[in-house]
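Data from final_22.tsv: TSV, C-alpha atoms
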```tsv
chain	number	residue	atom	x	y	z
A	1	GLY	CA	91.81	130.35	101.52
A	2	ASP	CA	91.81	129.04	105.05
A	3	SER	CA	93.74	131.11	107.56
A	4	VAL	CA	94.19	131.93	111.23
A	5	THR	CA	94.83	135.39	112.67
A	6	GLN	CA	96.26	135.84	116.14
A	7	MET	CA	96.75	138.94	118.21
A	8	GLU	CA	100.20	140.47	117.91
A	9	GLY	CA	102.66	139.94	120.70
A	10	PRO	CA	104.66	140.00	122.72
A	11	VAL	CA	102.42	139.94	125.77
A	12	THR	CA	103.87	140.57	129.22
A	13	LEU	CA	101.80	139.90	132.33
A	14	SER	CA	102.39	139.78	136.04
A	15	GLU	CA	101.92	136.48	137.82
A	16	GLU	CA	98.25	135.75	138.68
A	17	ALA	CA	96.96	138.13	136.00
A	18	PHE	CA	94.17	137.17	133.60
A	19	LEU	CA	95.22	136.12	130.13
A	20	THR	CA	93.39	136.43	126.83
A	21	ILE	CA	94.99	135.71	123.47
A	22	ASN	CA	92.67	136.40	120.57
A	23	CYS	CA	92.34	134.07	117.60
A	24	THR	CA	90.00	134.36	114.64
A	25	TYR	CA	89.79	132.12	111.64
A	26	THR	CA	88.64	131.98	108.05
A	27	ALA	CA	87.52	128.62	106.76
A	28	THR	CA	84.76	126.88	104.88
A	29	GLY	CA	82.46	124.72	106.91
A	30	TYR	CA	83.28	123.61	110.44
A	31	PRO	CA	87.01	123.25	110.97
A	32	SER	CA	88.62	121.73	114.04
A	33	LEU	CA	90.42	124.35	116.12
A	34	PHE	CA	93.54	123.99	118.24
A	35	TRP	CA	95.85	125.82	120.58
A	36	TYR	CA	99.46	124.69	120.68
A	37	VAL	CA	102.18	125.87	123.07
A	38	GLN	CA	105.90	126.06	122.40
A	39	TYR	CA	108.31	126.34	125.32
A	40	PRO	CA	111.79	127.74	124.63
A	41	GLY	CA	113.93	125.38	122.59
A	42	GLU	CA	111.18	122.80	122.14
A	43	GLY	CA	108.66	121.68	119.56
A	44	LEU	CA	104.97	122.50	119.68
A	45	GLN	CA	102.71	120.66	122.10
A	46	LEU	CA	98.94	120.41	121.89
A	47	LEU	CA	97.35	122.50	124.63
A	48	LEU	CA	93.66	122.06	123.83
A	49	LYS	CA	91.26	121.57	120.95
A	50	ALA	CA	87.60	121.83	119.93
A	51	THR	CA	86.00	120.06	117.02
A	52	LYS	CA	82.55	121.63	116.74
A	53	ALA	CA	80.73	124.86	117.42
A	54	ASP	CA	80.19	125.79	121.10
A	55	ASP	CA	82.67	123.15	122.26
A	56	LYS	CA	85.02	124.26	125.00
A	57	GLY	CA	88.53	122.90	125.10
A	58	SER	CA	90.39	123.03	128.39
A	59	ASN	CA	93.72	121.93	129.82
A	60	LYS	CA	96.08	123.09	132.61
A	61	GLY	CA	93.73	125.96	133.51
A	62	PHE	CA	93.54	127.23	129.93
A	63	GLU	CA	90.21	127.37	128.12
A	64	ALA	CA	88.95	128.27	124.65
A	65	THR	CA	85.43	128.15	123.23
A	66	TYR	CA	84.66	127.50	119.57
A	67	ARG	CA	82.48	130.42	118.47
A	68	LYS	CA	81.07	129.88	115.01
A	69	GLU	CA	79.11	133.13	114.96
A	70	THR	CA	82.26	135.22	115.52
A	71	THR	CA	84.69	132.71	113.92
A	72	SER	CA	86.82	132.91	117.03
A	73	PHE	CA	88.69	130.62	119.42
A	74	HIS	CA	90.19	132.91	122.05
A	75	LEU	CA	92.53	131.42	124.65
A	76	GLU	CA	91.98	132.37	128.31
A	77	LYS	CA	93.47	131.61	131.68
A	78	GLY	CA	92.31	133.08	134.93
A	79	SER	CA	95.65	133.27	136.73
A	80	VAL	CA	98.91	132.88	134.83
A	81	GLN	CA	102.14	131.55	136.29
A	82	VAL	CA	105.76	132.17	135.39
A	83	SER	CA	105.85	128.64	133.96
A	84	ASP	CA	103.23	129.65	131.36
A	85	SER	CA	105.82	131.81	129.59
A	86	ALA	CA	105.91	130.41	126.05
A	87	VAL	CA	104.72	131.03	122.50
A	88	TYR	CA	101.09	130.13	121.82
A	89	PHE	CA	99.82	129.14	118.37
A	90	CYS	CA	96.24	128.95	117.19
A	91	ALA	CA	95.57	126.47	114.39
A	92	LEU	CA	92.78	124.96	112.33
A	93	ARG	CA	92.14	121.90	110.23
A	94	ARG	CA	89.44	121.86	107.61
A	95	PRO	CA	86.68	119.27	107.95
A	96	THR	CA	87.97	117.79	104.70
A	97	GLY	CA	91.60	117.69	103.70
A	98	ASN	CA	94.80	116.92	105.51
A	99	GLN	CA	96.42	120.28	106.06
A	100	PHE	CA	96.67	122.32	109.22
A	101	TYR	CA	96.92	126.11	109.20
A	102	PHE	CA	98.74	127.95	111.96
A	103	GLY	CA	98.69	131.52	113.19
A	104	THR	CA	101.91	133.46	113.58
A	105	GLY	CA	102.16	132.78	117.30
A	106	THR	CA	101.87	135.03	120.36
A	107	SER	CA	104.76	135.24	122.78
A	108	LEU	CA	103.77	135.41	126.45
A	109	THR	CA	106.13	136.38	129.25
A	110	VAL	CA	104.91	136.17	132.84
A	111	ILE	CA	106.94	138.09	135.41
A	112	PRO	CA	106.94	137.34	139.14
B	1	ASP	CA	105.05	111.90	124.13
B	2	ALA	CA	104.69	110.77	120.53
B	3	GLY	CA	107.82	109.02	119.28
B	4	ILE	CA	109.21	111.52	116.82
B	5	THR	CA	112.88	112.24	116.32
B	6	GLN	CA	114.60	114.63	113.96
B	7	SER	CA	118.18	114.54	112.78
B	8	PRO	CA	120.37	116.42	112.82
B	9	ARG	CA	119.20	118.79	115.54
B	10	HIS	CA	121.58	121.52	114.42
B	11	LYS	CA	123.35	122.06	111.12
B	12	VAL	CA	125.45	124.80	109.62
B	13	THR	CA	126.09	124.62	105.90
B	14	GLU	CA	127.19	126.80	103.02
B	15	THR	CA	125.13	128.27	100.20
B	16	GLY	CA	124.79	125.90	97.27
B	17	THR	CA	125.30	122.66	99.17
B	18	PRO	CA	122.61	119.96	99.36
B	19	VAL	CA	121.10	119.25	102.77
B	20	THR	CA	118.86	116.41	103.93
B	21	LEU	CA	116.87	116.46	107.15
B	22	ARG	CA	115.35	113.31	108.54
B	23	CYS	CA	112.18	112.75	110.51
B	24	HIS	CA	111.61	109.36	112.13
B	25	GLN	CA	108.45	108.19	113.90
B	26	THR	CA	107.64	105.09	115.90
B	27	GLU	CA	103.86	105.68	116.03
B	28	ASN	CA	102.92	104.20	112.64
B	29	HIS	CA	100.95	107.35	111.83
B	30	ARG	CA	99.92	107.78	108.21
B	31	TYR	CA	100.46	111.53	107.85
B	32	MET	CA	103.80	113.30	108.15
B	33	TYR	CA	104.52	117.00	107.64
B	34	TRP	CA	107.47	119.34	107.29
B	35	TYR	CA	107.14	122.94	108.49
B	36	ARG	CA	109.52	125.83	108.77
B	37	GLN	CA	109.28	128.35	111.57
B	38	ASP	CA	110.41	131.92	111.05
B	39	PRO	CA	109.85	135.07	113.12
B	40	GLY	CA	106.72	136.89	112.02
B	41	HIS	CA	105.51	133.95	109.96
B	42	GLY	CA	104.75	131.29	112.51
B	43	LEU	CA	104.71	127.80	111.03
B	44	ARG	CA	104.44	127.35	107.29
B	45	LEU	CA	103.86	124.02	105.62
B	46	ILE	CA	106.56	122.90	103.18
B	47	HIS	CA	105.40	119.42	102.15
B	48	TYR	CA	103.36	116.65	103.63
B	49	SER	CA	102.86	112.94	103.07
B	50	TYR	CA	99.70	110.89	103.35
B	51	GLY	CA	101.34	107.52	102.84
B	52	VAL	CA	104.43	105.77	101.54
B	53	LYS	CA	105.47	107.47	98.30
B	54	ASP	CA	102.44	109.80	98.51
B	55	THR	CA	103.39	113.42	99.02
B	56	ASP	CA	101.98	116.86	98.28
B	57	LYS	CA	103.18	120.44	98.34
B	58	GLY	CA	102.47	123.00	101.00
B	59	GLU	CA	102.54	126.78	100.77
B	60	VAL	CA	106.35	127.19	100.72
B	61	SER	CA	107.59	124.18	98.75
B	62	ASP	CA	109.92	125.95	96.28
B	63	GLY	CA	113.51	124.81	96.76
B	64	TYR	CA	112.52	121.73	98.77
B	65	SER	CA	111.81	118.12	97.90
B	66	VAL	CA	110.68	115.21	100.05
B	67	SER	CA	110.66	111.46	100.00
B	68	ARG	CA	108.92	108.78	102.00
B	69	SER	CA	110.00	105.23	101.20
B	70	LYS	CA	108.95	103.82	104.57
B	71	THR	CA	106.08	104.65	106.91
B	72	GLU	CA	108.44	105.74	109.65
B	73	ASP	CA	110.78	108.05	107.72
B	74	PHE	CA	110.13	111.35	105.95
B	75	LEU	CA	113.10	113.12	104.41
B	76	LEU	CA	113.32	116.79	103.51
B	77	THR	CA	115.98	117.79	100.98
B	78	LEU	CA	117.25	121.22	100.10
B	79	GLU	CA	118.76	120.64	96.67
B	80	SER	CA	120.97	123.74	96.80
B	81	ALA	CA	120.71	125.56	100.09
B	82	THR	CA	120.25	129.34	100.15
B	83	SER	CA	120.48	131.82	103.01
B	84	SER	CA	116.70	132.33	102.86
B	85	GLN	CA	116.34	128.71	103.97
B	86	THR	CA	117.96	129.45	107.31
B	87	SER	CA	115.20	128.47	109.69
B	88	VAL	CA	113.98	126.02	112.28
B	89	TYR	CA	112.39	122.99	110.68
B	90	PHE	CA	109.75	120.93	112.43
B	91	CYS	CA	108.38	117.55	111.52
B	92	ALA	CA	104.88	116.57	112.62
B	93	ILE	CA	102.74	113.45	112.41
B	94	SER	CA	99.05	112.70	112.65
B	95	GLU	CA	96.87	109.66	112.54
B	96	VAL	CA	94.85	108.04	109.78
B	97	ARG	CA	92.08	110.63	110.04
B	98	PRO	CA	94.18	113.65	110.96
B	99	ASP	CA	92.98	115.50	113.98
B	100	THR	CA	95.81	116.38	116.28
B	101	GLN	CA	99.36	116.84	115.09
B	102	TYR	CA	102.37	115.81	117.17
B	103	PHE	CA	105.62	117.64	116.67
B	104	GLY	CA	109.25	116.66	116.73
B	105	PRO	CA	111.91	118.68	118.60
B	106	GLY	CA	113.01	120.66	115.54
B	107	THR	CA	116.19	121.13	113.48
B	108	ARG	CA	117.94	124.47	113.45
B	109	LEU	CA	119.53	125.00	110.03
B	110	THR	CA	121.89	127.86	109.27
B	111	VAL	CA	122.96	128.51	105.69
B	112	LEU	CA	125.97	130.79	105.41
```
Show this structure as structure tokens.
Amino acid sequence: GDSVTQMEGPVTLSEEAFLTINCTYTATGYPSLFWYVQYPGEGLQLLLKATKADDKGSNKGFEATYRKETTSFHLEKGSVQVSDSAVYFCALRRPTGNQFYFGTGTSLTVIP
Amino acid sequence: DAGITQSPRHKVTETGTPVTLRCHQTENHRYMYWYRQDPGHGLRLIHYSYGVKDTDKGEVSDGYSVSRSKTEDFLLTLESATSSQTSVYFCAISEVRPDTQYFGPGTRLTVL
């Protein structure tokens, strides 16, 4: 079945460090791919998305590229800030069907 | 922000009691979803709805039922709550052709 696998957390980085959170997926066809962010005590918010192969989603300095050949959608940011501390979820939606599939989440803590 | 509210936001109940959680949207989106969030599991789909009175099961539907009598409201009922249903419950909505999901603020449920 369709699924998303994220790197295990928690991840702790110093401010201005480079961030990569790995995400790979299993799905039939060409799913849409998403990164969501959850700040403490809040619901999930869409961070970025990509709907076809080689698309790059970007928002707030975060980027992820849809790689069909490696079935990956890794999240990157060149210089993290303390305010980026949150839990990040990778997700997919099949090209047909109405369900979304989420990874287990990766907790990021950025220290000054 | 998408207009999604959940009620109650916090609830403590005892094993064996029925519990109903409410999700209300003001966006007129067709699709509504109930997820539970647990450490180590990320978000797991309980049930979803693709229209008034049209619902389907997700991966963890046992012990839960749903109803949708109006476009704007999606109710999640625990017929007889158990301690394993202690969790944070999130409602989400998406448009006619689901692409992005928008999440509510969550309900923290504790079953003693």
Tell me which of B:Val66, B:Leu43, B:Leu76, B:Ala81 sits closest to Gln38 (chain A), counting all atoms listed in the file.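 Once distances to Gln38 (chain A) are computed over all atoms listed in the file, the minimum belongs to B:Leu43.
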Pull out every residue of chain B sitting within 12 Å of chain A, counting all atoms listed in the file, and send them as JSON, numbers by chain. {"B": [1, 2, 4, 5, 6, 9, 10, 30, 31, 32, 33, 34, 35, 36, 37, 38, 39, 40, 41, 42, 43, 44, 45, 46, 47, 48, 49, 50, 51, 55, 56, 57, 58, 59, 88, 89, 90, 91, 92, 93, 94, 95, 96, 97, 98, 99, 100, 101, 102, 103, 104, 105, 106, 107, 108]}
Using all atoms listed in the file, the residue out of A:Leu47, A:Val110, A:Ala53, A:Leu75 with shortest distance to Leu13 (chain A) is A:Val110
Counting only C-alpha atoms, which of A:Asp55, A:Glu15, A:Asp2, A:Glu69 gets nearest to Ser83 (chain A)? A:Glu15
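Shell of Gln81 (chain A) at 10 Å, with all atoms listed in the file counted and residues fewer than 2 places along the chain excluded, is Leu13, Ser14, Glu15, Glu16, Ala17, Lys77, Ser79, Ser83, Asp84, Ser85, Thr109, Val110, Ile111 and Pro112 of chain A.
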State, in Å with one decimal place, the distance from CA of Thr24 (chain A) to CA of Lys68 (chain A).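 Value for the CA of Thr24 (chain A)-CA of Lys68 (chain A) distance: 10.0 Å.
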Distance in Å - CA of Lys11 (chain B) versus CA of Ser107 (chain A):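 So the two atoms, CA of Lys11 (chain B) and CA of Ser107 (chain A), lie 25.6 Å apart.
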With a distance cut-off of 7 Å and only C-alpha atoms, select the neighbouring residues of Val111 (chain B), excluding the residue or stretch itself and same-chain residues fewer than 5 positions from it, and output the selection as a short mmCIF file (atom, residue, chain, number, x, y, z; two decimals) with C-alpha atoms, in the coordinates of the input.
```
data_model
loop_
_atom_site.label_atom_id
_atom_site.label_comp_id
_atom_site.auth_asym_id
_atom_site.auth_seq_id
_atom_site.Cartn_x
_atom_site.Cartn_y
_atom_site.Cartn_z
CA VAL B 12 125.45 124.80 109.62
CA THR B 13 126.09 124.62 105.90
CA GLU B 14 127.19 126.80 103.02
CA THR B 15 125.13 128.27 100.20
CA ALA B 81 120.71 125.56 100.09
CA THR B 82 120.25 129.34 100.15
CA SER B 83 120.48 131.82 103.01
CA GLN B 85 116.34 128.71 103.97
CA THR B 86 117.96 129.45 107.31
#
```
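From CA of Thr65 (chain A) back to CA of Tyr25 (chain A), the distance works out to 13.0 Å.
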From the set A:Val82, A:Thr71, A:Ser3, A:Ala64, which residue has the shortest atom-to-atom contact distance to Ile21 (chain A), counting all atoms listed in the file?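 Residue with the minimum atom-to-atom distance to Ile21 (chain A): A:Ala64.
With distances restricted to all atoms listed in the file, A:Ser72 is the closest residue to Ala50 (chain A) from A:Val80, A:Leu108, A:Ser72, A:Ala27.
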Selected region 11-79 of chain B, written as a short mmCIF file (atom, residue, chain, number, x, y, z; two decimals), in the first residue's frame, C-alpha atoms:
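Output contents, as saved in decode_14.cif:
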```cif
data_model
loop_
_atom_site.label_atom_id
_atom_site.label_comp_id
_atom_site.auth_asym_id
_atom_site.auth_seq_id
_atom_site.Cartn_x
_atom_site.Cartn_y
_atom_site.Cartn_z
CA LYS B 11 -11.77 16.39 27.36
CA VAL B 12 -11.20 13.93 30.15
CA THR B 13 -13.58 11.01 30.37
CA GLU B 14 -13.84 7.56 31.90
CA THR B 15 -13.56 4.17 30.26
CA GLY B 16 -16.86 2.96 28.86
CA THR B 17 -18.48 6.35 28.36
CA PRO B 18 -19.54 7.62 24.93
CA VAL B 19 -17.73 10.66 23.57
CA THR B 20 -18.52 12.87 20.58
CA LEU B 21 -16.05 15.28 19.02
CA ARG B 22 -17.20 17.95 16.62
CA CYS B 23 -15.49 19.50 13.64
CA HIS B 24 -17.02 22.59 12.06
CA GLN B 25 -15.89 24.31 8.85
CA THR B 26 -16.90 27.54 7.18
CA GLU B 27 -15.10 26.86 3.88
CA ASN B 28 -17.77 24.71 2.19
CA HIS B 29 -15.13 22.09 1.38
CA ARG B 30 -16.42 18.72 0.27
CA TYR B 31 -13.93 16.47 2.05
CA MET B 32 -13.52 16.18 5.80
CA TYR B 33 -11.21 13.86 7.73
CA TRP B 34 -10.60 12.68 11.26
CA TYR B 35 -7.06 11.71 12.32
CA ARG B 36 -5.50 10.69 15.57
CA GLN B 37 -1.96 11.64 16.47
CA ASP B 38 0.13 9.42 18.72
CA PRO B 39 3.86 9.39 19.48
CA GLY B 40 5.71 7.11 17.10
CA HIS B 41 2.74 6.81 14.76
CA GLY B 42 2.34 10.28 13.34
CA LEU B 43 -1.13 10.91 11.96
CA ARG B 44 -3.42 8.00 11.24
CA LEU B 45 -6.70 8.32 9.39
CA ILE B 46 -9.79 7.23 11.31
CA HIS B 47 -12.64 8.09 8.92
CA TYR B 48 -13.27 10.56 6.18
CA SER B 49 -16.25 12.03 4.37
CA TYR B 50 -16.61 12.96 0.72
CA GLY B 51 -20.03 14.56 1.04
CA VAL B 52 -23.12 14.80 3.20
CA LYS B 53 -23.93 11.31 4.49
CA ASP B 54 -21.00 9.86 2.49
CA THR B 55 -18.27 8.45 4.68
CA ASP B 56 -15.56 5.81 4.51
CA LYS B 57 -13.18 4.09 6.88
CA GLY B 58 -9.52 4.84 7.34
CA GLU B 59 -6.78 2.63 8.70
CA VAL B 60 -7.77 2.84 12.40
CA SER B 61 -11.57 2.97 12.33
CA ASP B 62 -12.35 0.25 14.91
CA GLY B 63 -14.17 1.71 17.91
CA TYR B 64 -15.11 4.92 16.08
CA SER B 65 -18.12 6.05 14.09
CA VAL B 66 -18.79 9.26 12.20
CA SER B 67 -21.69 11.23 10.87
CA ARG B 68 -22.07 14.12 8.47
CA SER B 69 -25.60 15.50 8.18
CA LYS B 70 -24.49 18.94 6.99
CA THR B 71 -21.62 20.08 4.81
CA GLU B 72 -20.07 22.08 7.62
CA ASP B 73 -20.15 19.52 10.45
CA PHE B 74 -18.35 16.19 10.84
CA LEU B 75 -18.84 14.32 14.10
CA LEU B 76 -16.58 11.62 15.51
CA THR B 77 -18.10 9.31 18.13
CA LEU B 78 -16.37 6.89 20.43
CA GLU B 79 -19.20 4.53 21.34
#
```
